[in-house]
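Dropping target18.csv in here (CSV, C-alpha atoms):
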chain,number,residue,atom,x,y,z
A,1,MET,CA,105.9,155.1,-12.3
A,2,SER,CA,106.0,157.8,-15.0
A,3,ILE,CA,107.3,157.4,-18.6
A,4,LEU,CA,110.2,159.7,-17.7
A,5,LYS,CA,111.3,157.5,-14.8
A,6,ASN,CA,110.9,154.3,-16.8
A,7,LEU,CA,113.0,155.7,-19.7
A,8,LYS,CA,115.7,157.0,-17.3
A,9,ARG,CA,115.9,153.6,-15.6
A,10,ILE,CA,116.1,151.6,-18.8
A,11,ARG,CA,118.7,154.0,-20.4
A,12,SER,CA,120.9,153.7,-17.3
A,13,GLU,CA,120.6,149.9,-17.4
A,14,ILE,CA,121.5,149.5,-21.1
A,15,GLY,CA,124.2,152.1,-21.5
A,16,ARG,CA,124.8,154.6,-24.2
A,17,ASP,CA,125.9,152.2,-26.9
A,18,VAL,CA,122.5,150.4,-27.2
A,19,LYS,CA,119.8,151.9,-29.3
A,20,LEU,CA,116.4,151.9,-27.7
A,21,VAL,CA,113.4,151.4,-30.0
A,22,VAL,CA,110.3,152.4,-28.0
A,23,VAL,CA,107.4,150.2,-29.0
A,24,THR,CA,104.2,152.2,-29.2
A,25,LYS,CA,101.8,149.3,-30.0
A,26,ASN,CA,98.4,150.1,-28.4
A,27,CYS,CA,99.7,153.4,-27.0
A,28,SER,CA,97.7,156.6,-27.3
A,29,ILE,CA,98.9,159.6,-29.4
A,30,ARG,CA,99.4,161.4,-26.1
A,31,GLU,CA,101.7,158.8,-24.7
A,32,ILE,CA,103.7,158.6,-28.0
A,33,ASN,CA,104.1,162.4,-28.0
A,34,GLN,CA,105.2,162.4,-24.4
A,35,ALA,CA,107.9,159.8,-25.2
A,36,LEU,CA,109.1,161.9,-28.1
A,37,PHE,CA,109.2,165.0,-25.9
A,38,LEU,CA,111.6,163.0,-23.7
A,39,ASP,CA,114.1,162.6,-26.5
A,40,VAL,CA,113.0,159.2,-27.8
A,41,GLY,CA,114.4,159.0,-31.3
A,42,ASP,CA,113.2,155.6,-32.5
A,43,ILE,CA,109.7,154.2,-32.2
A,44,GLY,CA,108.5,150.7,-33.2
A,45,GLU,CA,105.1,149.6,-34.5
A,46,SER,CA,104.0,146.0,-35.1
A,47,LYS,CA,101.2,146.8,-37.7
A,48,VAL,CA,101.3,148.9,-40.8
A,49,GLN,CA,97.6,150.0,-40.3
A,50,GLU,CA,98.2,151.2,-36.8
A,51,ALA,CA,101.2,153.2,-37.9
A,52,LYS,CA,99.2,154.7,-40.8
A,53,GLU,CA,96.6,155.9,-38.3
A,54,LYS,CA,99.0,157.3,-35.7
A,55,LYS,CA,101.9,158.8,-37.7
A,56,PRO,CA,100.0,161.9,-39.0
A,57,LEU,CA,99.0,162.8,-35.4
A,58,VAL,CA,102.4,162.3,-33.8
A,59,LYS,CA,104.7,165.3,-33.3
A,60,GLY,CA,108.5,165.1,-33.6
A,61,THR,CA,110.9,163.5,-36.0
A,62,ALA,CA,111.5,160.0,-34.7
A,63,LYS,CA,112.6,157.2,-37.0
A,64,TRP,CA,109.8,154.6,-37.4
A,65,HIS,CA,110.6,150.9,-37.2
A,66,LEU,CA,108.3,148.1,-38.4
A,67,ILE,CA,108.9,145.3,-35.9
A,68,GLY,CA,106.0,143.0,-36.8
A,69,HIS,CA,105.5,140.6,-39.6
A,70,LEU,CA,105.0,142.3,-43.0
A,71,GLN,CA,102.7,140.8,-45.7
A,72,THR,CA,103.7,141.5,-49.3
A,73,ASN,CA,100.3,143.3,-49.9
A,74,LYS,CA,101.2,145.9,-47.2
A,75,VAL,CA,104.7,146.6,-48.6
A,76,LYS,CA,103.8,149.8,-50.5
A,77,LYS,CA,102.3,151.5,-47.4
A,78,ALA,CA,105.1,150.2,-45.2
A,79,VAL,CA,107.7,151.7,-47.5
A,80,GLU,CA,105.9,155.1,-47.2
A,81,LEU,CA,105.6,155.0,-43.5
A,82,PHE,CA,108.8,153.4,-42.1
A,83,ASP,CA,112.5,154.2,-41.9
A,84,MET,CA,113.5,150.7,-41.1
A,85,ILE,CA,111.8,147.3,-41.5
A,86,GLN,CA,113.2,144.9,-38.9
A,87,SER,CA,111.2,141.9,-40.0
A,88,VAL,CA,112.4,140.8,-43.5
A,89,ASP,CA,112.0,137.0,-43.4
A,90,SER,CA,111.8,135.9,-47.1
A,91,LEU,CA,113.3,136.5,-50.4
A,92,LYS,CA,109.9,137.2,-51.9
A,93,LEU,CA,109.3,140.0,-49.3
A,94,ALA,CA,112.8,141.5,-49.8
A,95,LYS,CA,112.3,141.6,-53.6
A,96,LYS,CA,108.9,143.3,-53.1
A,97,ILE,CA,110.4,145.9,-50.8
A,98,ASP,CA,113.2,146.5,-53.3
A,99,SER,CA,110.8,146.9,-56.2
A,100,VAL,CA,108.5,149.3,-54.4
A,101,CYS,CA,111.5,151.4,-53.2
A,102,ALA,CA,112.9,151.5,-56.7
A,103,SER,CA,109.6,153.1,-57.9
A,104,LYS,CA,109.7,155.6,-55.1
A,105,ASN,CA,113.5,156.4,-55.4
A,106,LYS,CA,114.0,155.3,-51.8
A,107,ARG,CA,116.5,152.9,-50.2
A,108,MET,CA,115.0,151.1,-47.2
A,109,SER,CA,117.1,150.0,-44.2
A,110,VAL,CA,116.2,146.5,-43.1
A,111,LEU,CA,117.1,143.9,-40.6
A,112,ILE,CA,116.8,140.2,-41.3
A,113,GLN,CA,114.5,138.3,-38.8
A,114,VAL,CA,116.1,135.1,-37.6
A,115,ASN,CA,113.9,132.3,-36.1
A,116,ILE,CA,116.6,131.4,-33.6
A,117,SER,CA,114.3,129.4,-31.4
A,118,ARG,CA,112.9,127.4,-34.4
A,119,GLU,CA,109.3,127.9,-33.1
A,120,ALA,CA,106.7,127.0,-35.7
A,121,GLU,CA,104.6,130.0,-34.9
A,122,LYS,CA,107.5,132.5,-35.3
A,123,HIS,CA,108.5,134.1,-38.6
A,124,GLY,CA,112.2,134.3,-39.6
A,125,VAL,CA,115.0,132.7,-41.6
A,126,LEU,CA,116.6,129.6,-40.0
A,127,GLU,CA,120.2,130.1,-39.0
A,128,GLU,CA,121.5,127.5,-41.5
A,129,ASP,CA,119.9,129.3,-44.4
A,130,LEU,CA,121.0,132.8,-43.4
A,131,GLU,CA,124.3,133.2,-45.2
A,132,PHE,CA,122.8,132.0,-48.5
A,133,PHE,CA,119.8,134.3,-47.9
A,134,LEU,CA,122.1,137.3,-47.4
A,135,GLU,CA,124.0,136.5,-50.5
A,136,GLU,CA,120.7,136.6,-52.5
A,137,LEU,CA,119.8,139.9,-51.0
A,138,SER,CA,123.2,141.5,-51.7
A,139,GLY,CA,122.2,142.1,-55.3
A,140,LEU,CA,119.1,144.2,-54.4
A,141,LYS,CA,120.0,147.8,-54.9
A,142,ASN,CA,117.1,149.5,-53.0
A,143,ILE,CA,117.4,147.8,-49.7
A,144,GLN,CA,120.3,148.2,-47.2
A,145,VAL,CA,120.7,145.2,-44.9
A,146,LEU,CA,122.0,146.6,-41.6
A,147,GLY,CA,121.9,143.5,-39.3
A,148,LEU,CA,119.8,140.9,-37.7
A,149,MET,CA,116.6,140.8,-35.5
A,150,ALA,CA,115.4,137.9,-33.3
A,151,MET,CA,113.0,137.1,-30.5
A,152,ALA,CA,113.6,134.5,-27.8
A,153,PRO,CA,110.8,132.3,-26.5
A,154,PHE,CA,108.7,133.9,-23.8
A,155,VAL,CA,110.2,132.2,-20.9
A,156,GLU,CA,112.0,133.2,-17.7
A,157,PRO,CA,114.7,135.8,-18.7
A,158,GLU,CA,117.7,133.6,-17.8
A,159,LYS,CA,116.4,130.8,-20.0
A,160,THR,CA,116.6,133.2,-23.0
A,161,ARG,CA,120.4,133.6,-22.7
A,162,ALA,CA,121.3,130.6,-24.8
A,163,TYR,CA,119.2,132.0,-27.7
A,164,PHE,CA,120.7,135.4,-27.5
A,165,HIS,CA,124.3,134.0,-27.2
A,166,LYS,CA,123.7,132.0,-30.4
A,167,MET,CA,122.5,135.1,-32.2
A,168,LYS,CA,125.6,137.0,-31.1
A,169,LEU,CA,127.9,134.3,-32.5
A,170,LEU,CA,125.9,134.3,-35.7
A,171,PHE,CA,126.1,138.1,-36.0
A,172,GLN,CA,129.9,138.0,-35.4
A,173,LYS,CA,130.4,135.2,-38.0
A,174,LEU,CA,128.4,137.1,-40.7
A,175,LYS,CA,130.4,140.3,-39.9
A,176,LYS,CA,133.6,138.4,-40.7
A,177,GLU,CA,132.2,137.0,-43.9
A,178,LYS,CA,131.9,140.5,-45.4
A,179,ILE,CA,129.2,139.7,-47.8
A,180,PRO,CA,129.1,142.5,-50.5
A,181,TYR,CA,126.6,145.3,-49.7
A,182,ILE,CA,125.6,143.6,-46.4
A,183,GLN,CA,126.3,145.3,-43.1
A,184,MET,CA,126.2,143.8,-39.7
A,185,LYS,CA,125.7,147.0,-37.7
A,186,TYR,CA,122.7,146.2,-35.5
A,187,LEU,CA,121.8,143.1,-33.5
A,188,SER,CA,118.2,143.8,-32.5
A,189,MET,CA,117.0,141.5,-29.7
A,190,GLY,CA,115.5,141.9,-26.3
A,191,MET,CA,112.1,143.1,-25.2
A,192,THR,CA,110.5,144.0,-21.8
A,193,ASN,CA,110.8,140.5,-20.5
A,194,ASP,CA,114.4,139.8,-21.4
A,195,TYR,CA,116.2,143.0,-22.5
A,196,LYS,CA,118.8,142.9,-19.7
A,197,VAL,CA,119.9,139.4,-20.7
A,198,ALA,CA,119.9,140.4,-24.4
A,199,VAL,CA,122.2,143.4,-23.7
A,200,GLU,CA,124.5,141.2,-21.6
A,201,GLU,CA,124.7,138.8,-24.6
A,202,GLY,CA,125.5,141.5,-27.1
A,203,ALA,CA,122.3,143.2,-28.3
A,204,ASN,CA,123.0,146.8,-29.5
A,205,MET,CA,119.3,147.5,-30.3
A,206,ILE,CA,116.4,146.6,-28.0
A,207,ARG,CA,112.6,146.9,-28.5
A,208,ILE,CA,110.7,147.9,-25.4
A,209,GLY,CA,107.1,149.0,-24.8
A,210,THR,CA,105.5,147.6,-21.7
A,211,ALA,CA,108.3,148.5,-19.4
A,212,ILE,CA,108.1,152.1,-20.5
A,213,PHE,CA,104.3,152.8,-20.8
A,214,HIS,CA,102.7,150.2,-18.5
A,215,SER,CA,105.3,149.6,-15.7
A,216,ASN,CA,104.2,150.3,-12.1
As structure tokens - that is how I would like this structure written.
Amino acid sequence: MSILKNLKRIRSEIGRDVKLVVVTKNCSIREINQALFLDVGDIGESKVQEAKEKKPLVKGTAKWHLIGHLQTNKVKKAVELFDMIQSVDSLKLAKKIDSVCASKNKRMSVLIQVNISREAEKHGVLEEDLEFFLEELSGLKNIQVLGLMAMAPFVEPEKTRAYFHKMKLLFQKLKKEKIPYIQMKYLSMGMTNDYKVAVEEGANMIRIGTAIFHSN
């Protein structure tokens, strides 16, 4: 099935109110340019180095999202390359992004990664620490927190529902808290395996690659 058909199918399934971030990890420049030609406005990369190599060769004006773990020693390059960092998971990292952005006169949009499944191998802030974490971030002037990001365990789609539901409740709770300078605009959750369940449970941003570029 072509990229065009895959995009049409996914867009019809998720509706107009859900932002689609097309994940281009391991994709060729040709495939990325084809997606951009088909009105993809947001692309996601997991690694700073891969984005550095691809971005100069890509046509179009998509917004670039970093969706993978970011090490502090890669922050300077990430700030140059990306329009949003979806994987802020520590105060140390947030402060580094803020500092680099200050030196470049830039304000970076970020999402806070939550380890909702409490898996040891996953990065992210634990839900019980999240409100305090956001209060700490509210004083940073060069980052703009716009919401939350999470990944469910890689299990059967229906078994991800409880995790996504918990994220939605957390998102709604924080929205009501109205922490100064913190916005709860985006709830980024759901990938190829589980995006339908994520949208049903309240995701308004999803991150999909395989179902677009490698689906038969």
### Query
Of the candidates A:Ala150, A:Ala78, A:Met189, A:Ala211, which shows the shortest atom-to-atom distance to Gln113 in chain A, using all atoms listed in the file?
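That would be A:Ala150, the residue with the smallest distance to Gln113 in chain A.
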### Query
In Å, how far is it from CA of Gln183 in chain A to CA of Gly147 in chain A?
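So the two atoms, CA of Gln183 in chain A and CA of Gly147 in chain A, lie 6.1 Å apart.
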### Query
Residues around (102.8, 160.7, -34.2), cut-off 7 Å, counting only C-alpha atoms - what are they as a list in words?
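In the file's frame, the residues around the point are Ile29, Ile32, Asn33, Lys54, Lys55, Pro56, Leu57, Val58 and Lys59 of chain A.
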### Query
Could you name the residues that touch range 158-175 of chain A at 10 Å or less, counting only C-alpha atoms, but leaving out those on the same chain fewer than 3 positions away, as a PyMOL selection string?
chain A and resi 114-117+127-128+130-131+134+147-155+178-179+182-190+193-203
### Message
Please list as a PyMOL selection string every residue within 6 Å of range 35-52 of chain A, counting all atoms listed in the file and excluding residues in the same chain fewer than 3 positions away.
### Response
chain A and resi 21-25+32+55+62-68+78
### Atom pair CA of Ser103 in chain A / CA of Asp83 in chain A: separation (Å)
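Interatomic distance, CA of Ser103 in chain A to CA of Asp83 in chain A: 16.3 Å.
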### Task
Please measure the separation of CA of Leu111 in chain A and CA of Arg30 in chain A, giving the value in Å to one decimal.
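CA of Leu111 in chain A sits 28.8 Å away from CA of Arg30 in chain A.
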At the level of C-alpha atoms, write range 77-182 of chain A to a file as a short mmCIF file (atom, residue, chain, number, x, y, z; two decimals), in the first residue's frame, please.
data_model
loop_
_atom_site.label_atom_id
_atom_site.label_comp_id
_atom_site.auth_asym_id
_atom_site.auth_seq_id
_atom_site.Cartn_x
_atom_site.Cartn_y
_atom_site.Cartn_z
CA LYS A 77 22.43 20.52 18.28
CA ALA A 78 18.86 19.50 19.20
CA VAL A 79 17.92 23.12 19.86
CA GLU A 80 19.23 24.06 16.41
CA LEU A 81 17.40 21.26 14.61
CA PHE A 82 14.04 20.78 16.28
CA ASP A 83 10.86 22.81 16.77
CA MET A 84 9.62 20.64 19.64
CA ILE A 85 11.33 18.28 22.06
CA GLN A 86 8.79 15.69 23.23
CA SER A 87 11.10 13.83 25.60
CA VAL A 88 11.99 16.16 28.48
CA ASP A 89 12.38 13.81 31.44
CA SER A 90 14.59 15.54 34.02
CA LEU A 91 15.18 18.95 35.55
CA LYS A 92 18.83 18.78 34.50
CA LEU A 93 17.82 18.34 30.86
CA ALA A 94 15.17 21.07 31.02
CA LYS A 95 17.66 23.55 32.50
CA LYS A 96 20.21 22.70 29.81
CA ILE A 97 17.65 23.27 27.05
CA ASP A 98 16.64 26.56 28.69
CA SER A 99 20.26 27.70 28.94
CA VAL A 100 21.10 26.85 25.32
CA CYS A 101 17.91 28.50 24.09
CA ALA A 102 18.73 31.66 26.06
CA SER A 103 22.09 31.90 24.28
CA LYS A 104 20.37 31.49 20.89
CA ASN A 105 17.43 33.79 21.64
CA LYS A 106 15.01 30.91 21.07
CA ARG A 107 12.06 29.54 23.02
CA MET A 108 11.68 25.78 22.69
CA SER A 109 8.34 24.01 22.78
CA VAL A 110 8.57 20.88 24.91
CA LEU A 111 6.45 18.01 26.18
CA ILE A 112 7.17 16.20 29.42
CA GLN A 113 7.73 12.48 29.04
CA VAL A 114 5.86 10.47 31.66
CA ASN A 115 6.83 6.90 32.52
CA ILE A 116 3.22 5.86 32.96
CA SER A 117 4.02 2.14 32.78
CA ARG A 118 6.82 2.45 35.36
CA GLU A 119 9.09 0.27 33.23
CA ALA A 120 12.73 0.41 34.33
CA GLU A 121 14.01 0.61 30.75
CA LYS A 122 11.79 3.58 29.87
CA HIS A 123 12.66 7.22 30.46
CA GLY A 124 10.20 9.68 31.94
CA VAL A 125 8.92 11.39 35.06
CA LEU A 126 6.80 9.26 37.41
CA GLU A 127 3.21 10.44 37.76
CA GLU A 128 3.52 11.21 41.48
CA ASP A 129 6.47 13.53 40.79
CA LEU A 130 4.95 15.32 37.82
CA GLU A 131 3.21 18.27 39.47
CA PHE A 132 6.30 19.26 41.47
CA PHE A 133 8.42 18.80 38.33
CA LEU A 134 6.19 21.15 36.34
CA GLU A 135 6.29 23.76 39.10
CA GLU A 136 10.11 23.64 38.92
CA LEU A 137 9.97 24.13 35.15
CA SER A 138 7.54 27.04 35.31
CA GLY A 139 10.39 29.38 36.21
CA LEU A 140 12.38 28.60 33.05
CA LYS A 141 11.85 31.40 30.55
CA ASN A 142 13.21 29.83 27.37
CA ILE A 143 11.15 26.67 27.25
CA GLN A 144 7.40 26.44 26.79
CA VAL A 145 5.79 23.33 28.25
CA LEU A 146 2.86 22.43 26.02
CA GLY A 147 1.77 19.08 27.43
CA LEU A 148 2.68 15.48 28.09
CA MET A 149 4.07 12.52 26.15
CA ALA A 150 3.97 8.84 27.04
CA MET A 151 4.49 5.35 25.64
CA ALA A 152 2.50 2.31 26.68
CA PRO A 153 4.16 -1.09 26.98
CA PHE A 154 4.44 -2.98 23.69
CA VAL A 155 1.54 -5.36 24.26
CA GLU A 156 -1.75 -6.14 22.53
CA PRO A 157 -3.46 -2.81 21.71
CA GLU A 158 -6.41 -3.35 24.06
CA LYS A 159 -4.05 -3.92 26.98
CA THR A 160 -2.64 -0.39 26.50
CA ARG A 161 -6.00 1.21 27.29
CA ALA A 162 -5.50 1.42 31.06
CA TYR A 163 -2.20 3.29 30.62
CA PHE A 164 -3.65 5.77 28.14
CA HIS A 165 -6.70 6.32 30.32
CA LYS A 166 -4.46 7.09 33.29
CA MET A 167 -2.53 9.59 31.16
CA LYS A 168 -5.74 11.33 30.13
CA LEU A 169 -6.80 11.71 33.78
CA LEU A 170 -3.36 13.07 34.64
CA PHE A 171 -3.50 15.51 31.72
CA GLN A 172 -6.95 16.77 32.78
CA LYS A 173 -5.89 17.12 36.40
CA LEU A 174 -2.84 19.21 35.49
CA LYS A 175 -4.90 21.37 33.15
CA LYS A 176 -7.16 22.23 36.10
CA GLU A 177 -4.16 23.04 38.31
CA LYS A 178 -3.23 25.96 36.01
CA ILE A 179 0.45 25.99 36.95
CA PRO A 180 1.91 29.36 35.85
CA TYR A 181 3.49 29.34 32.36
CA ILE A 182 2.63 25.65 31.88
#
